[in-house]
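Enquirer: Please find work03.tsv (TSV, C-alpha atoms) on the next line:
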```
chain	number	residue	atom	x	y	z
A	1	MET	CA	82.33	-122.54	136.37
A	2	LYS	CA	79.82	-124.88	138.03
A	3	HIS	CA	81.30	-124.07	141.44
A	4	ILE	CA	81.11	-120.34	140.76
A	5	TRP	CA	77.43	-120.60	139.85
A	6	MET	CA	76.81	-122.75	142.95
A	7	PHE	CA	78.41	-120.19	145.28
A	8	ALA	CA	76.51	-117.40	143.54
A	9	PHE	CA	73.23	-119.28	144.03
A	10	ILE	CA	74.00	-119.94	147.69
A	11	GLY	CA	74.81	-116.27	148.13
A	12	PHE	CA	71.52	-115.30	146.51
A	13	LEU	CA	69.61	-117.62	148.85
A	14	ALA	CA	71.44	-116.14	151.84
A	15	ILE	CA	70.37	-112.64	150.80
A	16	VAL	CA	66.76	-113.77	150.33
A	17	PHE	CA	66.61	-115.53	153.70
A	18	SER	CA	68.32	-112.58	155.37
A	19	TYR	CA	65.72	-110.23	153.90
A	20	LEU	CA	62.88	-112.46	155.03
A	21	PHE	CA	64.36	-112.71	158.52
A	22	MET	CA	64.77	-108.94	158.81
A	23	SER	CA	61.25	-108.33	157.53
A	24	SER	CA	59.87	-110.74	160.10
A	25	GLU	CA	61.87	-109.08	162.88
A	26	ASP	CA	60.61	-105.67	161.80
A	27	LEU	CA	57.09	-106.80	162.64
A	28	ALA	CA	58.09	-107.05	166.30
A	29	VAL	CA	58.70	-103.31	166.67
A	30	ILE	CA	56.22	-101.36	168.76
A	31	GLN	CA	54.92	-98.43	166.76
A	32	TYR	CA	52.19	-96.02	167.73
A	33	PHE	CA	49.18	-95.70	165.43
A	34	PRO	CA	45.91	-93.82	166.10
A	35	ILE	CA	43.78	-95.59	168.70
A	36	ASP	CA	41.00	-97.80	167.36
A	37	GLU	CA	37.83	-97.12	169.37
A	38	THR	CA	36.11	-100.31	168.15
A	39	HIS	CA	38.73	-102.67	169.61
A	40	HIS	CA	39.99	-103.03	173.16
A	41	PHE	CA	41.77	-105.25	175.64
A	42	THR	CA	39.56	-107.56	177.66
A	43	GLU	CA	42.55	-108.35	179.89
A	44	ALA	CA	45.98	-106.80	180.40
A	45	GLN	CA	47.87	-107.70	183.53
A	46	THR	CA	51.24	-108.24	185.17
A	47	THR	CA	51.66	-110.38	188.28
A	48	ILE	CA	54.60	-111.15	190.55
A	49	THR	CA	54.07	-113.97	193.05
A	50	THR	CA	56.08	-116.39	195.17
A	51	SER	CA	55.89	-120.17	195.18
A	52	ASN	CA	53.37	-121.84	197.49
A	53	ASP	CA	56.09	-123.71	199.35
A	54	GLU	CA	56.92	-122.97	202.95
A	55	LYS	CA	60.14	-121.44	201.71
A	56	ASN	CA	59.45	-118.85	199.01
A	57	ASP	CA	62.49	-119.78	196.92
A	58	GLN	CA	60.99	-118.91	193.52
A	59	ILE	CA	59.49	-115.75	192.09
A	60	SER	CA	56.94	-116.04	189.28
A	61	TRP	CA	56.73	-113.10	186.88
A	62	ASN	CA	53.78	-113.42	184.51
A	63	ILE	CA	52.30	-111.16	181.86
A	64	SER	CA	49.12	-111.80	179.89
A	65	SER	CA	46.70	-109.91	177.68
A	66	SER	CA	43.65	-110.59	175.55
A	67	SER	CA	41.95	-108.44	172.94
A	68	ASN	CA	38.30	-108.62	171.94
A	69	GLU	CA	39.33	-109.88	168.48
A	70	PRO	CA	42.45	-111.35	166.84
A	71	MET	CA	44.75	-108.64	165.50
A	72	TYR	CA	47.37	-108.33	162.80
A	73	LEU	CA	50.07	-108.09	165.47
A	74	ARG	CA	49.89	-108.47	169.24
A	75	GLN	CA	52.86	-107.65	171.44
A	76	ASP	CA	53.61	-107.46	175.16
A	77	VAL	CA	56.79	-106.03	176.67
A	78	SER	CA	57.56	-106.27	180.38
A	79	LEU	CA	60.47	-104.95	182.46
A	80	LEU	CA	61.33	-106.39	185.88
A	81	TYR	CA	63.34	-104.44	188.46
A	82	VAL	CA	64.70	-105.91	191.69
A	83	ASN	CA	65.72	-103.40	194.37
A	84	GLY	CA	65.73	-100.70	191.71
A	85	ARG	CA	67.95	-102.56	189.22
A	86	LEU	CA	66.83	-104.11	185.97
A	87	LYS	CA	66.62	-107.88	186.30
A	88	GLY	CA	65.21	-108.74	182.88
A	89	VAL	CA	62.87	-108.03	180.03
A	90	VAL	CA	60.21	-110.14	178.37
A	91	ASN	CA	59.21	-109.32	174.82
A	92	LYS	CA	56.52	-111.56	173.32
A	93	TRP	CA	54.77	-111.00	169.99
A	94	LYS	CA	52.55	-112.97	167.66
A	95	GLU	CA	50.79	-112.33	164.36
A	96	ASN	CA	47.02	-112.79	163.96
A	97	ALA	CA	46.67	-113.33	167.69
A	98	GLN	CA	44.08	-112.51	170.32
A	99	HIS	CA	45.80	-113.75	173.48
A	100	LEU	CA	49.40	-113.54	174.71
A	101	GLU	CA	50.89	-115.03	177.83
A	102	LYS	CA	54.44	-115.33	179.12
A	103	LYS	CA	55.54	-116.94	182.38
A	104	SER	CA	59.02	-116.56	183.83
A	105	THR	CA	60.58	-117.70	187.09
A	106	LEU	CA	63.67	-116.65	189.01
A	107	GLN	CA	65.30	-117.64	192.25
A	108	SER	CA	64.66	-115.43	195.25
A	109	GLU	CA	67.35	-114.46	197.70
A	110	ASP	CA	67.39	-112.22	200.75
A	111	SER	CA	64.85	-109.44	201.26
A	112	LYS	CA	63.99	-107.63	198.05
A	113	LYS	CA	61.41	-105.47	196.30
A	114	TYR	CA	60.26	-106.67	192.88
A	115	GLU	CA	58.65	-104.20	190.47
A	116	ALA	CA	57.41	-104.96	186.96
A	117	ILE	CA	55.83	-102.67	184.39
A	118	SER	CA	54.40	-103.88	181.09
A	119	PHE	CA	53.11	-102.39	177.86
A	120	HIS	CA	50.45	-104.30	175.91
A	121	HIS	CA	50.00	-103.42	172.26
A	122	GLY	CA	47.81	-104.43	169.37
A	123	GLU	CA	48.22	-103.42	165.72
A	124	ILE	CA	45.11	-103.47	163.51
A	125	HIS	CA	45.20	-103.32	159.70
A	126	GLU	CA	41.92	-102.16	158.17
A	127	ASP	CA	40.67	-103.33	154.77
A	128	ASN	CA	41.14	-99.81	153.44
A	129	GLY	CA	44.85	-99.90	154.33
A	130	GLU	CA	44.55	-97.76	157.44
A	131	ILE	CA	46.54	-98.91	160.47
A	132	LYS	CA	45.31	-98.38	164.03
A	133	SER	CA	46.23	-99.71	167.44
A	134	ILE	CA	45.16	-100.42	171.00
A	135	GLN	CA	47.36	-100.19	174.07
A	136	ALA	CA	47.41	-100.68	177.82
A	137	THR	CA	49.90	-100.49	180.68
A	138	SER	CA	49.96	-102.78	183.71
A	139	ASN	CA	52.27	-103.26	186.67
A	140	ASP	CA	52.79	-105.17	189.89
A	141	THR	CA	54.96	-104.96	193.00
A	142	LEU	CA	56.04	-107.64	195.46
A	143	TYR	CA	58.01	-107.33	198.68
A	144	LEU	CA	59.83	-110.50	199.75
A	145	ILE	CA	61.13	-110.67	203.30
A	146	ASP	CA	63.80	-113.33	203.86
A	147	SER	CA	65.84	-112.58	206.94
A	148	PRO	CA	67.16	-114.59	209.92
A	149	HIS	CA	65.70	-111.88	212.17
A	150	SER	CA	62.16	-112.16	210.80
A	151	LYS	CA	59.79	-114.83	209.54
A	152	GLU	CA	59.68	-115.25	205.79
A	153	ASP	CA	56.90	-113.24	204.22
A	154	SER	CA	55.75	-111.74	200.92
A	155	PHE	CA	53.17	-109.05	200.21
A	156	GLN	CA	52.01	-106.53	197.63
A	157	GLU	CA	50.88	-103.94	200.16
A	158	PRO	CA	52.15	-103.98	203.76
A	159	GLN	CA	49.46	-104.73	206.32
A	160	SER	CA	51.07	-105.51	209.66
A	161	ASN	CA	53.44	-103.19	211.49
A	162	GLU	CA	56.31	-105.53	210.73
A	163	GLU	CA	55.50	-105.51	207.01
A	164	LYS	CA	55.24	-101.72	207.03
A	165	GLU	CA	58.63	-101.47	208.71
A	166	TRP	CA	60.25	-103.80	206.15
A	167	ALA	CA	58.65	-101.97	203.21
A	168	LYS	CA	59.83	-98.63	204.61
A	169	LYS	CA	63.35	-99.97	205.06
A	170	LEU	CA	63.55	-101.41	201.53
A	171	ASP	CA	61.94	-98.35	199.90
A	172	HIS	CA	64.35	-96.01	201.66
A	173	ALA	CA	67.47	-97.98	200.65
A	174	ILE	CA	66.29	-98.30	197.03
A	175	GLN	CA	65.31	-94.63	196.78
A	176	GLN	CA	68.72	-93.55	198.02
A	177	GLN	CA	70.42	-95.56	195.26
A	178	LEU	CA	68.05	-94.25	192.61
A	179	GLU	CA	68.39	-90.62	193.70
A	180	ALA	CA	72.18	-90.87	193.52
A	181	GLN	CA	71.97	-92.26	189.98
A	182	TRP	CA	69.35	-89.73	188.86
A	183	ASP	CA	71.27	-86.79	190.39
A	184	GLU	CA	74.30	-87.83	188.36
A	185	LEU	CA	72.24	-87.92	185.16
A	186	LEU	CA	70.56	-84.58	185.87
A	187	SER	CA	73.94	-83.00	186.51
A	188	TYR	CA	75.50	-84.57	183.41
A	189	TYR	CA	72.78	-83.20	181.12
A	190	GLN	CA	72.52	-79.92	183.11
A	191	ILE	CA	68.75	-80.25	183.53
A	192	PRO	CA	67.03	-77.84	185.98
A	193	ARG	CA	65.18	-80.31	188.22
A	194	GLU	CA	62.66	-77.75	189.49
A	195	LYS	CA	61.06	-77.46	186.03
A	196	TYR	CA	59.98	-81.10	185.99
A	197	ILE	CA	57.93	-83.62	187.88
A	198	HIS	CA	60.12	-86.64	188.58
A	199	VAL	CA	58.60	-90.09	188.00
A	200	PRO	CA	60.37	-93.47	187.91
A	201	LEU	CA	59.52	-95.56	184.86
A	202	THR	CA	57.79	-98.04	187.18
A	203	GLY	CA	55.36	-95.28	188.15
A	204	LEU	CA	54.18	-94.73	184.58
A	205	SER	CA	51.06	-96.85	185.11
A	206	ASP	CA	49.81	-94.28	187.64
A	207	PHE	CA	48.89	-92.03	184.71
A	208	SER	CA	45.79	-92.39	182.55
A	209	GLU	CA	43.27	-90.36	180.57
A	210	GLU	CA	41.78	-89.35	183.92
A	211	HIS	CA	45.20	-88.54	185.40
A	212	THR	CA	47.25	-87.20	182.50
A	213	PHE	CA	50.78	-85.80	182.30
A	214	PRO	CA	51.04	-82.16	183.50
A	215	GLY	CA	49.63	-79.65	181.02
A	216	THR	CA	48.22	-82.29	178.66
A	217	THR	CA	44.66	-83.28	177.82
A	218	ALA	CA	42.90	-86.64	177.92
A	219	ALA	CA	42.63	-86.48	174.12
A	220	ASP	CA	46.42	-86.32	173.80
A	221	PHE	CA	47.29	-88.84	176.48
A	222	ASP	CA	47.05	-92.04	174.40
A	223	ARG	CA	49.22	-90.59	171.66
A	224	ILE	CA	51.86	-89.32	174.10
A	225	LEU	CA	51.92	-92.62	176.00
A	226	GLY	CA	52.07	-94.70	172.81
A	227	GLN	CA	54.90	-92.62	171.36
A	228	LEU	CA	56.75	-92.77	174.68
A	229	TRP	CA	56.67	-96.58	174.67
A	230	GLU	CA	57.66	-96.60	171.00
A	231	GLY	CA	60.75	-94.57	171.91
A	232	LEU	CA	61.51	-96.66	175.00
A	233	TYR	CA	61.26	-99.86	172.99
A	234	LYS	CA	63.55	-98.71	170.18
A	235	ASN	CA	66.14	-97.02	172.39
A	236	TYR	CA	65.99	-98.81	175.74
A	237	VAL	CA	64.37	-102.25	175.52
A	238	ILE	CA	66.03	-103.57	172.36
A	239	GLY	CA	69.40	-105.02	173.23
A	240	ILE	CA	68.45	-106.06	176.75
A	241	GLU	CA	68.61	-109.81	176.93
A	242	ASP	CA	65.63	-111.88	178.02
A	243	SER	CA	65.36	-112.66	181.72
A	244	GLU	CA	65.87	-116.37	181.06
A	245	THR	CA	69.45	-115.86	179.85
A	246	LYS	CA	72.47	-115.86	182.12
A	247	HIS	CA	73.48	-112.29	181.27
A	248	PRO	CA	73.38	-110.08	184.40
A	249	ILE	CA	71.60	-106.77	183.93
A	250	GLN	CA	72.39	-104.03	186.41
A	251	SER	CA	71.06	-100.69	185.15
A	252	TYR	CA	68.77	-98.65	187.41
A	253	ILE	CA	65.14	-97.68	186.82
A	254	PRO	CA	65.03	-94.85	184.23
A	255	LEU	CA	63.79	-91.45	185.37
A	256	LEU	CA	60.93	-89.70	183.57
A	257	LEU	CA	60.95	-85.92	183.72
A	258	LEU	CA	57.54	-84.43	182.97
A	259	ASP	CA	57.68	-80.79	181.94
A	260	LYS	CA	55.43	-78.78	184.26
A	261	ASN	CA	54.42	-76.58	181.32
A	262	GLY	CA	53.17	-79.59	179.37
A	263	LYS	CA	55.53	-79.16	176.41
A	264	HIS	CA	57.70	-82.30	176.53
A	265	LEU	CA	59.09	-85.12	178.62
A	266	ILE	CA	62.61	-86.49	179.09
A	267	VAL	CA	63.79	-90.02	179.86
A	268	LEU	CA	67.17	-90.40	181.57
A	269	TYR	CA	68.99	-93.69	182.09
A	270	GLU	CA	72.39	-95.34	182.19
A	271	ASP	CA	73.08	-98.66	180.45
A	272	ASP	CA	75.14	-101.61	181.68
A	273	ALA	CA	78.30	-100.18	180.11
A	274	GLY	CA	77.91	-96.97	182.08
A	275	ASN	CA	76.85	-94.92	179.07
A	276	LYS	CA	74.35	-92.16	179.84
A	277	HIS	CA	71.28	-91.63	177.67
A	278	GLN	CA	68.70	-88.88	177.25
A	279	LEU	CA	65.48	-89.28	175.26
A	280	ILE	CA	63.37	-86.17	174.60
A	281	GLN	CA	59.77	-86.37	173.43
A	282	TYR	CA	57.89	-83.22	172.45
A	283	TYR	CA	54.13	-83.33	172.77
```
Would you mind writing the file out in structure tokens?
Expert:
Amino acid sequence: MKHIWMFAFIGFLAIVFSYLFMSSEDLAVIQYFPIDETHHFTEAQTTITTSNDEKNDQISWNISSSSNEPMYLRQDVSLLYVNGRLKGVVNKWKENAQHLEKKSTLQSEDSKKYEAISFHHGEIHEDNGEIKSIQATSNDTLYLIDSPHSKEDSFQEPQSNEEKEWAKKLDHAIQQQLEAQWDELLSYYQIPREKYIHVPLTGLSDFSEEHTFPGTTAADFDRILGQLWEGLYKNYVIGIEDSETKHPIQSYIPLLLLDKNGKHLIVLYEDDAGNKHQLIQYY
């Protein structure tokens, strides 16, 4: 009888700890709440740089953000693509925090284009029980040239003729791969391409309250953007292993389809297993 009670007690503790663990994990879910006009980010940035050595053998991928006050929950999510394929994801969150920072490094090889896009989020719980939020998007791009036919170089924006030629060559090769993938997805879901503006996920930071999605207003932009990232996080980001693991990630940059009539948007992507996905968000 003593052993039965002991196993029962252990089982009870397991359930309690499991519940506590799940509750804690639930806190790390990005969820859109109305924007709080009294709080804001003082910093929200993504940077991709090379090492200072003569040979640029390491890439540094850093995200950081600071809010004007500590918040109930602060979270940053960043996605890194190399030559159009997903290399890794960083997801950092902290309770009662004002500043977040995450630094990652990876080995460089050959000539490549690195693109990162990040979403910075803050959740604020008011004394009256109301929940609000703040949000920001940041991105960065780095071209790394490592070829026996050219001197090693890295740049954000091409300046010299040689850099412009390398950027053009890389962009063209990457775009061809992406277009082939996106065409397959458009055909699979039978989507009429002419009804949408096509934007890669990495181009999302080009939009703002001053430059909104087609047919939408500045007043709606924050809500649409916040709900988009909420959907991306729940359906796309979760399950992708952190960039510091050994798991290779090969999926291409998702395609955003922005309805020209301003009614909805669609996200198309294929996961590592080759499964196709379509997310639809109505405004």
Enquirer: Could you name the residues that touch region 249-258 of chain A at 6 Å or less, counting all atoms listed in the file, but leaving out those on the same chain fewer than 6 positions away, as a VMD selection string?
Expert: chain A and resid 84 to 87 196 to 201 265 to 269 271 to 272
Enquirer: My list of candidates is A:Ala116, A:Ile134, A:Ile59, A:Leu100. Which is closest to Ser78 (chain A) when distances are computed with all atoms listed in the file?
Expert: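 So, comparing all the options, the nearest one is A:Ala116.
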Enquirer: Counting all atoms listed in the file, figure out which residue out of A:Gln190, A:Thr217, A:Asn161, A:Asn83 gets nearest to Gln177 (chain A).
Expert: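 Among A:Gln190, A:Thr217, A:Asn161, A:Asn83, it is A:Asn83 that comes nearest to Gln177 (chain A).
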Enquirer: Check the smallest atom-to-atom distance from each of A:Gln181, A:Gly122, A:Arg74, A:Ile145 to Lys164 (chain A) using only C-alpha atoms, then report the winner.
Expert: A:Ile145
Enquirer: Between CA of Ile224 (chain A) and CA of Glu123 (chain A), what is the distance, to one decimal in Å?
Expert: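 So the two atoms, CA of Ile224 (chain A) and CA of Glu123 (chain A), lie 16.8 Å apart.
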Enquirer: Give the centre and edge lengths of an axis-aligned box, in Å to one decimal, that holds all listed atoms of region 153-166 of chain A with 4 Å on each side, as AutoDock Vina command-line options.
Expert:
```
--center_x 54.9 --center_y -107.4 --center_z 204.6 --size_x 18.8 --size_y 19.8 --size_z 21.9
```
Enquirer: Would you please work out which residue, of A:Phe221, A:Tyr143, A:Phe33, A:Trp182, is nearest to Glu157 (chain A) when using only C-alpha atoms?
Expert: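 So, comparing all the options, the nearest one is A:Tyr143.
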Enquirer: Which distance in Å separates CA of Gly274 (chain A) and CA of Ile238 (chain A), to one decimal?
Expert: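 Separating CA of Gly274 (chain A) from CA of Ile238 (chain A) is a distance of 16.7 Å.
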Enquirer: So, counting all atoms listed in the file, which residue among A:Asp183, A:Asp76, A:Glu69, A:Glu165 is closest to Trp229 (chain A)?
Expert: A:Asp76
Enquirer: For the point (46.5, -93.3, 186.4) in file coordinates, what residues are within 12 Å, counting only C-alpha atoms? Give the answer as a PyMOL selection string?
Expert: chain A and resi 136-139+203-213+218+221+225
Enquirer: Would you please work out which residue, of A:Asn261, A:Ile63, A:Val77, A:His99, is nearest to Phe41 (chain A) when using all atoms listed in the file?
Expert: A:His99
Enquirer: Using all atoms listed in the file, can you list as number ranges by chain the residues within 12 Å of (57.3, -103.6, 170.3)?
Expert: A: 25-32, 73-78, 90-94, 118-123, 135, 226-238
Enquirer: Determine, counting all atoms listed in the file, which protein, DNA and RNA residues have an atom within 7 Å of an atom of Ser104 (chain A); residues of the same chain fewer than 5 positions away are not included. Present the result as a list in words.
Expert: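 The contact residues come out as Ser60, Trp61 and Asn62 of chain A.
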Enquirer: Suppose you want the space between CA of Leu142 (chain A) and CA of Glu101 (chain A); what is it in Å?
Expert: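 Between CA of Leu142 (chain A) and CA of Glu101 (chain A) the gap is 19.8 Å.
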Enquirer: My structure is short of atoms at region 198-209 of chain A; please model all heavy atoms there, returning them as a PDB file, keeping the file's coordinate frame.
Expert:
```pdb
ATOM      1  N   HIS A 198      59.261 -85.470 188.702  1.00  0.00           N
ATOM      2  CA  HIS A 198      60.120 -86.640 188.580  1.00  0.00           C
ATOM      3  C   HIS A 198      59.313 -87.916 188.833  1.00  0.00           C
ATOM      4  O   HIS A 198      58.699 -88.060 189.889  1.00  0.00           O
ATOM      5  CB  HIS A 198      61.278 -86.556 189.570  1.00  0.00           C
ATOM      6  CG  HIS A 198      62.144 -85.342 189.367  1.00  0.00           C
ATOM      7  ND1 HIS A 198      63.424 -85.247 189.872  1.00  0.00           N
ATOM      8  CD2 HIS A 198      61.936 -84.181 188.697  1.00  0.00           C
ATOM      9  CE1 HIS A 198      63.958 -84.084 189.533  1.00  0.00           C
ATOM     10  NE2 HIS A 198      63.054 -83.419 188.831  1.00  0.00           N
ATOM     11  N   VAL A 199      59.357 -88.836 187.884  1.00  0.00           N
ATOM     12  CA  VAL A 199      58.600 -90.090 188.000  1.00  0.00           C
ATOM     13  C   VAL A 199      59.480 -91.252 187.561  1.00  0.00           C
ATOM     14  O   VAL A 199      60.037 -91.217 186.454  1.00  0.00           O
ATOM     15  CB  VAL A 199      57.333 -90.063 187.105  1.00  0.00           C
ATOM     16  CG1 VAL A 199      56.558 -91.367 187.234  1.00  0.00           C
ATOM     17  CG2 VAL A 199      56.445 -88.873 187.460  1.00  0.00           C
ATOM     18  N   PRO A 200      59.644 -92.290 188.386  1.00  0.00           N
ATOM     19  CA  PRO A 200      60.370 -93.470 187.910  1.00  0.00           C
ATOM     20  C   PRO A 200      59.567 -94.171 186.826  1.00  0.00           C
ATOM     21  O   PRO A 200      58.335 -94.073 186.805  1.00  0.00           O
ATOM     22  CB  PRO A 200      60.494 -94.338 189.172  1.00  0.00           C
ATOM     23  CG  PRO A 200      59.353 -93.915 190.028  1.00  0.00           C
ATOM     24  CD  PRO A 200      59.147 -92.447 189.759  1.00  0.00           C
ATOM     25  N   LEU A 201      60.230 -94.865 185.925  1.00  0.00           N
ATOM     26  CA  LEU A 201      59.520 -95.560 184.860  1.00  0.00           C
ATOM     27  C   LEU A 201      58.465 -96.511 185.416  1.00  0.00           C
ATOM     28  O   LEU A 201      57.391 -96.673 184.834  1.00  0.00           O
ATOM     29  CB  LEU A 201      60.520 -96.345 184.000  1.00  0.00           C
ATOM     30  CG  LEU A 201      59.922 -97.174 182.856  1.00  0.00           C
ATOM     31  CD1 LEU A 201      59.192 -96.286 181.855  1.00  0.00           C
ATOM     32  CD2 LEU A 201      61.004 -97.993 182.163  1.00  0.00           C
ATOM     33  N   THR A 202      58.737 -97.116 186.560  1.00  0.00           N
ATOM     34  CA  THR A 202      57.790 -98.040 187.180  1.00  0.00           C
ATOM     35  C   THR A 202      56.519 -97.350 187.656  1.00  0.00           C
ATOM     36  O   THR A 202      55.527 -98.009 187.952  1.00  0.00           O
ATOM     37  CB  THR A 202      58.453 -98.772 188.370  1.00  0.00           C
ATOM     38  OG1 THR A 202      59.115 -97.806 189.196  1.00  0.00           O
ATOM     39  CG2 THR A 202      59.482 -99.788 187.880  1.00  0.00           C
ATOM     40  N   GLY A 203      56.545 -96.019 187.737  1.00  0.00           N
ATOM     41  CA  GLY A 203      55.360 -95.280 188.150  1.00  0.00           C
ATOM     42  C   GLY A 203      54.508 -94.800 186.989  1.00  0.00           C
ATOM     43  O   GLY A 203      53.512 -94.100 187.184  1.00  0.00           O
ATOM     44  N   LEU A 204      54.881 -95.206 185.777  1.00  0.00           N
ATOM     45  CA  LEU A 204      54.180 -94.730 184.580  1.00  0.00           C
ATOM     46  C   LEU A 204      52.723 -95.185 184.558  1.00  0.00           C
ATOM     47  O   LEU A 204      51.849 -94.479 184.041  1.00  0.00           O
ATOM     48  CB  LEU A 204      54.900 -95.246 183.336  1.00  0.00           C
ATOM     49  CG  LEU A 204      54.456 -94.695 181.979  1.00  0.00           C
ATOM     50  CD1 LEU A 204      54.543 -93.181 181.957  1.00  0.00           C
ATOM     51  CD2 LEU A 204      55.305 -95.300 180.866  1.00  0.00           C
ATOM     52  N   SER A 205      52.435 -96.341 185.133  1.00  0.00           N
ATOM     53  CA  SER A 205      51.060 -96.850 185.110  1.00  0.00           C
ATOM     54  C   SER A 205      50.125 -96.067 186.021  1.00  0.00           C
ATOM     55  O   SER A 205      48.911 -96.293 186.015  1.00  0.00           O
ATOM     56  CB  SER A 205      51.046 -98.337 185.487  1.00  0.00           C
ATOM     57  OG  SER A 205      51.643 -98.526 186.748  1.00  0.00           O
ATOM     58  N   ASP A 206      50.661 -95.136 186.796  1.00  0.00           N
ATOM     59  CA  ASP A 206      49.810 -94.280 187.640  1.00  0.00           C
ATOM     60  C   ASP A 206      49.061 -93.239 186.811  1.00  0.00           C
ATOM     61  O   ASP A 206      48.107 -92.619 187.298  1.00  0.00           O
ATOM     62  CB  ASP A 206      50.642 -93.561 188.702  1.00  0.00           C
ATOM     63  CG  ASP A 206      51.227 -94.510 189.728  1.00  0.00           C
ATOM     64  OD1 ASP A 206      50.686 -95.623 189.875  1.00  0.00           O
ATOM     65  OD2 ASP A 206      52.240 -94.155 190.363  1.00  0.00           O
ATOM     66  N   PHE A 207      49.502 -93.040 185.566  1.00  0.00           N
ATOM     67  CA  PHE A 207      48.890 -92.030 184.710  1.00  0.00           C
ATOM     68  C   PHE A 207      47.869 -92.669 183.761  1.00  0.00           C
ATOM     69  O   PHE A 207      48.006 -93.823 183.364  1.00  0.00           O
ATOM     70  CB  PHE A 207      49.963 -91.298 183.904  1.00  0.00           C
ATOM     71  CG  PHE A 207      50.896 -90.488 184.760  1.00  0.00           C
ATOM     72  CD1 PHE A 207      52.050 -91.055 185.282  1.00  0.00           C
ATOM     73  CD2 PHE A 207      50.610 -89.168 185.066  1.00  0.00           C
ATOM     74  CE1 PHE A 207      52.915 -90.322 186.079  1.00  0.00           C
ATOM     75  CE2 PHE A 207      51.459 -88.420 185.869  1.00  0.00           C
ATOM     76  CZ  PHE A 207      52.621 -88.999 186.377  1.00  0.00           C
ATOM     77  N   SER A 208      46.846 -91.899 183.427  1.00  0.00           N
ATOM     78  CA  SER A 208      45.790 -92.390 182.550  1.00  0.00           C
ATOM     79  C   SER A 208      45.086 -91.195 181.920  1.00  0.00           C
ATOM     80  O   SER A 208      45.485 -90.037 182.138  1.00  0.00           O
ATOM     81  CB  SER A 208      44.772 -93.217 183.355  1.00  0.00           C
ATOM     82  OG  SER A 208      44.128 -92.393 184.323  1.00  0.00           O
ATOM     83  N   GLU A 209      44.038 -91.454 181.156  1.00  0.00           N
ATOM     84  CA  GLU A 209      43.270 -90.360 180.570  1.00  0.00           C
ATOM     85  C   GLU A 209      42.624 -89.498 181.649  1.00  0.00           C
ATOM     86  O   GLU A 209      42.351 -88.319 181.436  1.00  0.00           O
ATOM     87  CB  GLU A 209      42.204 -90.917 179.622  1.00  0.00           C
ATOM     88  CG  GLU A 209      42.770 -91.520 178.345  1.00  0.00           C
ATOM     89  CD  GLU A 209      41.692 -92.013 177.410  1.00  0.00           C
ATOM     90  OE1 GLU A 209      40.515 -91.978 177.804  1.00  0.00           O
ATOM     91  OE2 GLU A 209      42.025 -92.430 176.288  1.00  0.00           O
TER      92      GLU A 209
END
```
